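Enquirer: One file: upload-v4.txt (compact mmCIF, C-alpha atoms).
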```txt
# COMPACT_ATOMS: atom_id res chain seq x y z
CA MET A 1 116.35 123.77 103.94
CA LYS A 2 119.38 121.79 105.05
CA THR A 3 120.80 119.09 102.83
CA LEU A 4 119.35 115.75 103.88
CA THR A 5 120.75 112.28 103.47
CA ALA A 6 118.42 109.28 103.20
CA ARG A 7 119.37 105.89 104.59
CA SER A 8 117.89 102.69 105.91
CA TYR A 9 117.62 101.69 109.55
CA GLN A 10 120.95 100.31 110.73
CA ASP A 11 120.55 98.81 114.18
CA GLU A 12 119.19 99.44 117.66
CA ARG A 13 121.30 102.56 118.02
CA ASP A 14 118.73 104.32 115.80
CA LEU A 15 115.76 103.52 118.05
CA ASP A 16 116.07 106.36 120.57
CA ALA A 17 116.36 109.01 117.85
CA ILE A 18 113.40 107.60 115.91
CA ALA A 19 111.29 107.50 119.09
CA ASN A 20 112.23 111.09 119.91
CA LEU A 21 111.12 112.29 116.47
CA ILE A 22 107.83 110.39 116.66
CA ASN A 23 107.10 111.77 120.12
CA LEU A 24 107.94 115.31 119.07
CA CYS A 25 105.57 115.12 116.09
CA ASN A 26 102.80 113.59 118.19
CA THR A 27 103.19 116.28 120.86
CA VAL A 28 103.08 119.15 118.36
CA ASP A 29 100.07 117.64 116.57
CA GLU A 30 98.35 116.84 119.89
CA LEU A 31 97.76 113.24 118.82
CA GLU A 32 98.08 111.85 122.37
CA GLN A 33 100.20 109.01 121.05
CA GLY A 34 103.84 108.16 121.18
CA THR A 35 106.37 105.39 121.45
CA SER A 36 109.65 104.36 123.05
CA SER A 37 112.75 102.51 121.94
CA ASN A 38 111.40 99.41 123.70
CA GLU A 39 108.12 99.58 121.81
CA LEU A 40 109.89 100.19 118.52
CA HIS A 41 112.15 97.21 119.17
CA GLN A 42 109.08 95.02 119.60
CA SER A 43 107.73 96.24 116.25
CA PHE A 44 111.05 95.97 114.44
CA THR A 45 111.53 92.36 115.51
CA ASN A 46 108.14 91.31 114.14
CA PRO A 47 108.85 88.34 111.84
CA SER A 48 106.77 89.97 109.08
CA PHE A 49 108.79 93.20 109.11
CA ASN A 50 112.24 93.84 107.67
CA PRO A 51 113.49 97.12 109.19
CA GLN A 52 116.43 97.37 106.79
CA GLN A 53 114.16 97.19 103.73
CA ASP A 54 110.98 98.71 105.10
CA THR A 55 112.18 101.84 106.90
CA ARG A 56 113.77 105.05 105.70
CA ILE A 57 115.52 107.77 107.69
CA TRP A 58 116.34 111.28 106.52
CA GLU A 59 118.99 113.11 108.53
CA ASP A 60 120.83 116.43 108.24
CA GLU A 61 124.56 117.17 108.23
CA THR A 62 124.72 116.87 112.02
CA GLY A 63 123.11 113.42 112.03
CA GLN A 64 119.81 114.68 113.45
CA ILE A 65 116.83 112.72 112.15
CA ILE A 66 114.51 115.07 110.26
CA GLY A 67 112.16 112.50 108.73
CA TYR A 68 111.24 108.87 109.23
CA CYS A 69 108.94 106.42 107.45
CA ASN A 70 108.12 102.76 107.84
CA ILE A 71 106.03 100.56 105.59
CA TYR A 72 104.39 97.26 106.49
CA ILE A 73 103.45 95.14 103.48
CA SER A 74 101.06 92.29 104.17
CA GLU A 75 102.42 88.86 103.43
CA ALA A 76 101.66 87.33 100.06
CA SER A 77 98.32 85.50 99.96
CA ASN A 78 95.73 84.27 97.49
CA ASP A 79 94.15 87.73 97.53
CA PRO A 80 94.82 89.57 94.23
CA LYS A 81 95.65 92.69 96.27
CA ASP A 82 98.11 93.23 99.10
CA ASP A 83 98.30 96.25 101.40
CA ALA A 84 101.27 98.46 102.11
CA ASP A 85 100.50 100.41 105.29
CA PHE A 86 102.90 103.22 106.04
CA ASN A 87 103.50 105.85 108.72
CA PHE A 88 105.67 108.91 108.29
CA TYR A 89 106.96 111.68 110.52
CA VAL A 90 108.63 114.98 109.63
CA ARG A 91 110.22 117.30 112.16
CA PRO A 92 107.78 120.25 112.53
CA THR A 93 110.36 122.81 111.36
CA ALA A 94 110.77 120.88 108.09
CA GLN A 95 107.10 120.27 107.32
CA GLY A 96 105.63 121.73 104.16
CA GLY A 97 108.85 121.45 102.17
CA THR A 98 110.18 118.82 99.80
CA LEU A 99 110.78 116.08 102.36
CA GLU A 100 107.18 114.86 102.29
CA ARG A 101 107.49 114.48 98.51
CA ASP A 102 110.65 112.41 98.97
CA ILE A 103 108.92 110.23 101.56
CA PHE A 104 106.01 109.44 99.26
CA ALA A 105 108.41 108.72 96.40
CA TRP A 106 110.28 106.21 98.57
CA VAL A 107 107.02 104.57 99.70
CA GLU A 108 105.85 104.11 96.12
CA ALA A 109 109.24 102.81 95.01
CA ARG A 110 109.36 100.22 97.83
CA ALA A 111 105.77 99.12 97.15
CA GLU A 112 106.52 98.90 93.43
CA GLU A 113 109.37 96.49 94.16
CA VAL A 114 106.94 94.20 95.96
CA ARG A 115 104.27 94.64 93.27
CA ARG A 116 106.68 93.47 90.56
CA GLU A 117 107.83 90.56 92.71
CA ARG A 118 104.31 89.36 93.49
CA GLN A 119 102.66 90.41 90.22
CA LYS A 120 99.56 91.80 91.93
CA THR A 121 97.94 95.09 92.88
CA ILE A 122 99.35 96.87 95.90
CA ASN A 123 97.18 99.21 97.96
CA LEU A 124 99.15 102.02 99.55
CA VAL A 125 97.43 102.70 102.86
CA ALA A 126 97.85 105.59 105.30
CA THR A 127 95.75 106.80 108.22
CA ALA A 128 94.92 110.33 109.32
CA ARG A 129 92.83 111.56 112.22
CA SER A 130 89.74 113.30 110.91
CA ASP A 131 90.69 116.65 112.46
CA ARG A 132 94.21 116.75 110.94
CA ALA A 133 93.36 118.89 107.89
CA GLU A 134 96.95 119.40 106.72
CA ARG A 135 97.78 115.69 106.73
CA ILE A 136 94.54 114.86 104.93
CA ALA A 137 95.26 117.53 102.30
CA LEU A 138 98.76 116.11 101.82
CA LEU A 139 97.41 112.59 101.27
CA LYS A 140 94.83 113.84 98.78
CA ARG A 141 97.47 115.78 96.84
CA GLN A 142 99.39 112.52 96.54
CA GLY A 143 96.37 110.77 95.02
CA PHE A 144 94.97 109.03 98.11
CA GLN A 145 91.24 108.65 98.63
CA PRO A 146 89.26 107.87 101.83
CA TRP A 147 88.63 104.16 102.14
CA ARG A 148 87.45 103.25 105.64
CA TYR A 149 86.61 104.89 108.96
CA PHE A 150 87.58 103.72 112.44
CA PHE A 151 86.52 105.01 115.83
CA ARG A 152 88.59 105.14 119.00
CA MET A 153 86.33 104.63 121.99
CA ALA A 154 86.67 104.77 125.78
CA ARG A 155 84.77 103.75 128.90
CA SER A 156 85.35 104.68 132.53
CA LEU A 157 85.85 101.63 134.72
CA ALA A 158 84.49 103.55 137.70
CA GLU A 159 81.02 102.90 136.29
CA PRO A 160 79.34 99.57 137.15
CA ILE A 161 80.25 96.66 134.86
CA PRO A 162 77.56 93.98 134.34
CA GLU A 163 78.49 90.40 135.09
CA PRO A 164 79.15 88.27 131.98
CA GLN A 165 76.66 85.56 131.11
CA PHE A 166 77.87 82.60 129.03
CA PRO A 167 75.79 80.02 127.14
CA GLN A 168 75.41 76.76 129.01
CA GLY A 169 78.42 74.47 128.82
CA PHE A 170 80.98 77.07 127.71
CA ILE A 171 84.19 77.34 129.70
CA LEU A 172 86.19 80.52 130.21
CA ARG A 173 89.93 80.30 130.84
CA ASN A 174 93.30 81.88 130.14
CA PRO A 175 94.99 80.19 127.17
CA ASN A 176 98.31 78.45 127.71
CA PRO A 177 100.70 80.06 125.19
CA LYS A 178 102.83 76.92 124.84
CA ILE A 179 99.95 74.51 124.31
CA ASP A 180 97.05 76.55 122.91
CA ALA A 181 98.79 78.79 120.37
CA PRO A 182 97.88 76.72 117.24
CA ALA A 183 94.21 76.49 118.27
CA TRP A 184 94.16 80.20 119.11
CA VAL A 185 95.60 81.16 115.70
CA GLU A 186 93.06 78.95 113.93
CA MET A 187 90.22 80.52 115.94
CA PHE A 188 91.47 84.04 115.24
CA ASN A 189 91.67 83.47 111.49
CA GLN A 190 88.27 81.79 111.31
CA THR A 191 86.80 84.68 113.31
CA PHE A 192 88.08 87.48 111.09
CA ILE A 193 88.13 85.78 107.69
CA ASP A 194 84.91 87.60 106.76
CA HIS A 195 86.12 90.99 108.05
CA TRP A 196 87.45 93.88 106.03
CA ASN A 197 91.13 93.71 105.12
CA HIS A 198 91.80 90.48 106.99
CA HIS A 199 95.20 88.85 106.61
CA ASP A 200 95.79 85.52 108.30
CA LEU A 201 97.75 85.56 111.52
CA THR A 202 100.63 83.08 111.60
CA LEU A 203 101.85 81.05 114.55
CA GLU A 204 105.21 82.81 114.27
CA GLN A 205 103.54 86.22 114.55
CA LEU A 206 101.51 85.16 117.58
CA ASN A 207 104.57 83.78 119.33
CA HIS A 208 106.31 87.09 118.73
CA GLU A 209 103.42 88.98 120.35
CA LEU A 210 103.44 86.62 123.32
CA LYS A 211 107.05 87.65 123.98
CA ASN A 212 106.03 91.29 124.34
CA PRO A 213 107.19 92.44 127.80
CA ASN A 214 103.72 93.90 128.39
CA TYR A 215 101.91 90.64 127.66
CA ASN A 216 99.96 89.52 130.72
CA SER A 217 98.38 86.07 130.56
CA GLN A 218 95.86 87.16 133.22
CA LEU A 219 94.41 89.63 130.69
CA ASP A 220 94.08 87.03 127.94
CA PHE A 221 90.84 85.00 127.77
CA VAL A 222 89.29 82.34 125.57
CA ALA A 223 85.85 80.70 125.65
CA ILE A 224 85.68 76.98 124.83
CA SER A 225 82.53 75.22 123.66
CA PRO A 226 81.18 71.97 125.14
CA GLU A 227 82.75 70.25 122.11
CA ASN A 228 86.16 71.71 123.13
CA THR A 229 86.29 74.23 120.27
CA PHE A 230 87.95 77.60 120.78
CA THR A 231 85.01 79.89 120.05
CA ALA A 232 85.64 83.42 121.36
CA PHE A 233 88.47 85.51 122.77
CA CYS A 234 89.26 88.78 124.48
CA TYR A 235 92.84 89.95 124.77
CA CYS A 236 93.53 93.04 126.90
CA HIS A 237 96.78 94.86 127.49
CA ILE A 238 98.24 97.65 129.59
CA ASN A 239 101.24 99.66 128.43
CA PRO A 240 103.00 101.27 131.41
CA GLU A 241 105.27 103.38 129.18
CA GLU A 242 102.26 104.74 127.32
CA ASN A 243 100.53 105.59 130.58
CA THR A 244 103.65 107.36 131.84
CA ARG A 245 103.80 109.46 128.66
CA SER A 246 100.12 110.39 128.78
CA GLY A 247 99.77 110.77 132.54
CA ARG A 248 96.68 108.59 132.37
CA ASN A 249 95.85 105.13 133.70
CA GLU A 250 94.40 103.25 130.73
CA GLY A 251 94.15 99.73 129.40
CA TRP A 252 93.05 98.39 126.04
CA ILE A 253 90.66 95.81 124.71
CA GLY A 254 93.22 94.78 122.13
CA ALA A 255 91.36 91.98 120.35
CA LEU A 256 87.81 90.69 120.71
CA GLY A 257 86.03 88.22 118.49
CA VAL A 258 83.59 85.36 118.15
CA ARG A 259 84.14 82.53 115.71
CA ARG A 260 81.70 82.09 112.84
CA GLY A 261 78.99 79.61 113.73
CA PHE A 262 78.96 80.71 117.39
CA ARG A 263 77.69 84.25 116.99
CA LYS A 264 74.37 85.67 118.20
CA GLN A 265 74.63 83.74 121.49
CA GLY A 266 75.94 86.57 123.66
CA LEU A 267 79.56 85.42 123.58
CA GLY A 268 80.91 88.72 122.31
CA ARG A 269 79.23 90.69 125.08
CA ALA A 270 80.30 88.16 127.72
CA MET A 271 83.94 88.23 126.61
CA LEU A 272 83.96 92.03 126.50
CA LEU A 273 82.63 92.21 130.05
CA VAL A 274 85.25 89.70 131.18
CA GLY A 275 87.92 91.96 129.75
CA LEU A 276 86.51 95.05 131.44
CA HIS A 277 86.40 93.30 134.81
CA ALA A 278 90.01 92.14 134.32
CA LEU A 279 91.22 95.66 133.53
CA LYS A 280 89.39 97.02 136.56
CA THR A 281 90.96 94.33 138.76
CA ALA A 282 94.33 95.49 137.39
CA GLU A 283 93.41 98.95 138.78
CA VAL A 284 93.02 100.60 135.38
CA GLU A 285 90.75 103.65 135.35
CA THR A 286 89.75 103.76 131.67
CA ALA A 287 89.34 101.11 128.98
CA LYS A 288 89.94 101.98 125.33
CA LEU A 289 89.48 100.18 122.03
CA GLY A 290 89.36 100.73 118.29
CA VAL A 291 86.52 99.64 116.02
CA ASP A 292 85.71 99.61 112.33
CA ALA A 293 82.77 101.98 111.84
CA ASP A 294 81.31 99.49 109.34
CA ASN A 295 82.00 96.31 111.29
CA PRO A 296 79.53 93.78 109.82
CA ASN A 297 78.77 92.01 113.10
CA GLY A 298 77.45 94.88 115.21
CA ALA A 299 80.63 95.56 117.21
CA LEU A 300 79.98 99.30 117.39
CA GLN A 301 76.53 98.77 118.85
CA LEU A 302 77.93 96.24 121.33
CA TYR A 303 80.53 98.68 122.61
CA LYS A 304 78.00 101.46 122.98
CA SER A 305 75.66 99.13 124.87
CA VAL A 306 78.23 98.60 127.63
CA GLY A 307 79.12 102.26 128.01
CA PHE A 308 81.84 103.05 125.48
CA HIS A 309 81.75 106.48 123.84
CA GLN A 310 83.55 107.78 120.78
CA LEU A 311 86.73 109.81 121.25
CA GLN A 312 87.96 110.34 117.71
CA THR A 313 87.68 109.19 114.11
CA ASN A 314 90.58 107.87 112.06
CA ILE A 315 90.29 107.78 108.28
CA VAL A 316 92.11 105.15 106.25
CA TYR A 317 93.25 106.48 102.87
CA ARG A 318 94.18 104.30 99.90
CA LYS A 319 96.02 104.59 96.61
CA ASN A 320 96.31 101.66 94.19
CA LEU A 321 99.51 100.61 92.44
CA THR A 322 98.60 98.35 89.51
```
Could I get this file's structure written as structure tokens?
Expert:
Amino acid sequence: MKTLTARSYQDERDLDAIANLINLCNTVDELEQGTSSNELHQSFTNPSFNPQQDTRIWEDETGQIIGYCNIYISEASNDPKDDADFNFYVRPTAQGGTLERDIFAWVEARAEEVRRERQKTINLVATARSDRAERIALLKRQGFQPWRYFFRMARSLAEPIPEPQFPQGFILRNPNPKIDAPAWVEMFNQTFIDHWNHHDLTLEQLNHELKNPNYNSQLDFVAISPENTFTAFCYCHINPEENTRSGRNEGWIGALGVRRGFRKQGLGRAMLLVGLHALKTAEVETAKLGVDADNPNGALQLYKSVGFHQLQTNIVYRKNLT
């Protein structure tokens, strides 16, 4: 094994090399995922992420990146526990050695810094696809236990899509990012406050997402009640770079929700159908989404009812730092 040097992310000059490593690992593991320097830049400029503190790079004597890890620690809240989600990648020729051990040691050390600062429990959180036996075994050896299950689902847009039906008096429109952002954030947080692992969205975070080059206001929808309350939303997105990498023509139902107090009226189904029609109008062939297998409001059943089928299962693993 070559001697490796660990360092933090420096600047945008690192992005291409990090993206190349991630794409290599995803190709070898057949994960059908990937990234680009543009996509990484969008993530690294998130106001809740500090790339100098929350990334680590391991490189050999030639400067080639052999390993990479990032950790996203939820912002401090009234919850007695915060989450530290991390992703890590090791060049296939270096897997199974000591680098994975070094990566986990860095993750725990960084999370411990935050735990001492906030004086609360930190959950270390990592995700593995259910068919990735080696990664699952690695997480278990490091003391992680399965915590939650998520499904990735897909639906062909060549199949007929029912027309959405809204309750009387509700208005559907595209939100105006400059005017509606505060009301949208309030709606989003009130919608997901009773969901697993919710952390409030901030106006700063939303504004960052709205600057994403792939954001399309024509794929962003909100339903407004007769009393002028933001009640439900469906945000869709298409990533041209992702489609180029995969050779497929796909779009995503990125966020879908109905505010508490307005559920059980058909708003969720109506908003989902609106999103599917919008993706089809954008000439997308397949719609995808992710869903919590234990969603308390029947989301899984809703998606199945409009033709979505399960593609894969992702398992969220957790380890507590107290």
Enquirer: Write out as a ChimeraX atom specification the residues lying within 6 Å of Ser8 (chain A), counting only C-alpha atoms and excluding same-chain residues fewer than 6 positions away.
Expert: /A:52,55-57
Enquirer: If we count all atoms listed in the file and set the cut-off at 6 Å, which residues sit around region 217-228 of chain A, ignoring sequence neighbours fewer than 6 positions away in its own chain? Please answer as a compact mmCIF listing (two decimals) with C-alpha atoms, in the frame of the given file.
Expert:
```txt
# COMPACT_ATOMS: atom_id res chain seq x y z
CA GLY A 169 78.42 74.47 128.82
CA PHE A 170 80.98 77.07 127.71
CA ILE A 171 84.19 77.34 129.70
CA LEU A 172 86.19 80.52 130.21
CA ARG A 173 89.93 80.30 130.84
CA ASN A 174 93.30 81.88 130.14
CA CYS A 234 89.26 88.78 124.48
CA TYR A 235 92.84 89.95 124.77
CA CYS A 236 93.53 93.04 126.90
```
Enquirer: Quick one: residues within 9 Å of Asp82 (chain A), all atoms listed in the file counted, chain neighbours fewer than 6 positions away excluded, as an mmCIF file with C-alpha atoms, in the coordinates of the input?
Expert:
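As written to disk, around_25.cif reads:
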```
data_model
loop_
_atom_site.group_PDB
_atom_site.id
_atom_site.type_symbol
_atom_site.label_atom_id
_atom_site.label_comp_id
_atom_site.auth_asym_id
_atom_site.auth_seq_id
_atom_site.Cartn_x
_atom_site.Cartn_y
_atom_site.Cartn_z
ATOM 1 C CA ILE A 73 103.450 95.140 103.480
ATOM 2 C CA SER A 74 101.060 92.290 104.170
ATOM 3 C CA GLU A 75 102.420 88.860 103.430
ATOM 4 C CA ALA A 76 101.660 87.330 100.060
ATOM 5 C CA ARG A 115 104.270 94.640 93.270
ATOM 6 C CA LYS A 120 99.560 91.800 91.930
ATOM 7 C CA THR A 121 97.940 95.090 92.880
ATOM 8 C CA ILE A 122 99.350 96.870 95.900
ATOM 9 C CA ASN A 123 97.180 99.210 97.960
ATOM 10 C CA LEU A 124 99.150 102.020 99.550
#
```
Enquirer: Could you tell me which of A:Thr3, A:Asn70, A:Thr244, A:Asn50 comes closest to Thr98 (chain A) if we count only C-alpha atoms?
Expert: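 Between A:Thr3, A:Asn70, A:Thr244, A:Asn50, the residue approaching Thr98 (chain A) most closely is A:Thr3.
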Enquirer: With all atoms listed in the file as the atoms that count, which of A:Pro240, A:Ala19, A:Asp294, A:Glu209 lies nearest to Gly254 (chain A)?
Expert: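 The shortest atom-to-atom distance to Gly254 (chain A) comes from A:Glu209.
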Enquirer: Could you tell me which of A:Gln312, A:Gln142, A:Thr62, A:Asn239 comes closest to Thr5 (chain A) if we count only C-alpha atoms?
Expert: A:Thr62
Enquirer: Could you tell me how far CA of Asn216 (chain A) lies from CA of Gln168 (chain A), in Å and to one decimal?
Expert: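 Here the two named atoms are 27.7 Å from each other.
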Enquirer: Restricting the calculation to only C-alpha atoms, which member of A:Phe49, A:Trp252, A:Tyr317, A:Phe262 is positioned closest to Leu157 (chain A)?
Expert: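 Distance minimum relative to Leu157 (chain A) lands on A:Trp252.
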Enquirer: Could you pull the residues within 9 Å of Val107 (chain A), counting all atoms listed in the file, minus those fewer than 2 positions along the same chain, as a list in words?
Expert: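 Neighbouring residues, sequence-local ones excluded: Asp54, Cys69, Asn70, Ile71, Ala84, Phe86, Asp102, Ile103, Phe104, Ala105, Ala109, Arg110, Ala111, Glu112 and Leu124 of chain A.
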Enquirer: Since we have the selection now, will you write its residues out, keeping C-alpha atoms, as a tab-separated table (two decimals), keeping the file's coordinate frame?
Expert:
```tsv
chain	number	residue	atom	x	y	z
A	54	ASP	CA	110.98	98.71	105.10
A	69	CYS	CA	108.94	106.42	107.45
A	70	ASN	CA	108.12	102.76	107.84
A	71	ILE	CA	106.03	100.56	105.59
A	84	ALA	CA	101.27	98.46	102.11
A	86	PHE	CA	102.90	103.22	106.04
A	102	ASP	CA	110.65	112.41	98.97
A	103	ILE	CA	108.92	110.23	101.56
A	104	PHE	CA	106.01	109.44	99.26
A	105	ALA	CA	108.41	108.72	96.40
A	109	ALA	CA	109.24	102.81	95.01
A	110	ARG	CA	109.36	100.22	97.83
A	111	ALA	CA	105.77	99.12	97.15
A	112	GLU	CA	106.52	98.90	93.43
A	124	LEU	CA	99.15	102.02	99.55
```
Enquirer: Need to verify the contact set: region 191-196 of chain A, 6 Å, all atoms listed in the file, exclusion of same-chain residues closer than 6 positions in sequence. Can you return it as an mmCIF file with C-alpha atoms, in the coordinates of the input?
Expert:
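That gives us result15.cif:
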```cif
data_model
loop_
_atom_site.group_PDB
_atom_site.id
_atom_site.type_symbol
_atom_site.label_atom_id
_atom_site.label_comp_id
_atom_site.auth_asym_id
_atom_site.auth_seq_id
_atom_site.Cartn_x
_atom_site.Cartn_y
_atom_site.Cartn_z
ATOM 1 C CA VAL A 258 83.590 85.360 118.150
ATOM 2 C CA ARG A 259 84.140 82.530 115.710
ATOM 3 C CA ARG A 260 81.700 82.090 112.840
#
```
Enquirer: Produce the centre coordinates and the three edge lengths, each in Å to one decimal, of the box along x, y and z that contains all listed atoms of region 265-280 of chain A with 5 Å added on each side, as lines of an AutoDock Vina configuration file.
Expert:
```
center_x = 82.9
center_y = 90.4
center_z = 129.0
size_x = 26.6
size_y = 23.3
size_z = 25.1
```
Enquirer: Would you list the residues near (112.1, 121.9, 107.1) (no more than 12 Å away, in the coordinates of the file, using all atoms listed in the file) as a PyMOL selection string?
Expert: chain A and resi 1-4+58-60+65-67+89-100
Enquirer: Which residue is closest to Val291 (chain A)? Choose from A:Gln64, A:Asn38, A:Thr202, A:Asn314 and count all atoms listed in the file.
Expert: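 For Val291 (chain A), the nearest of the candidates is A:Asn314.
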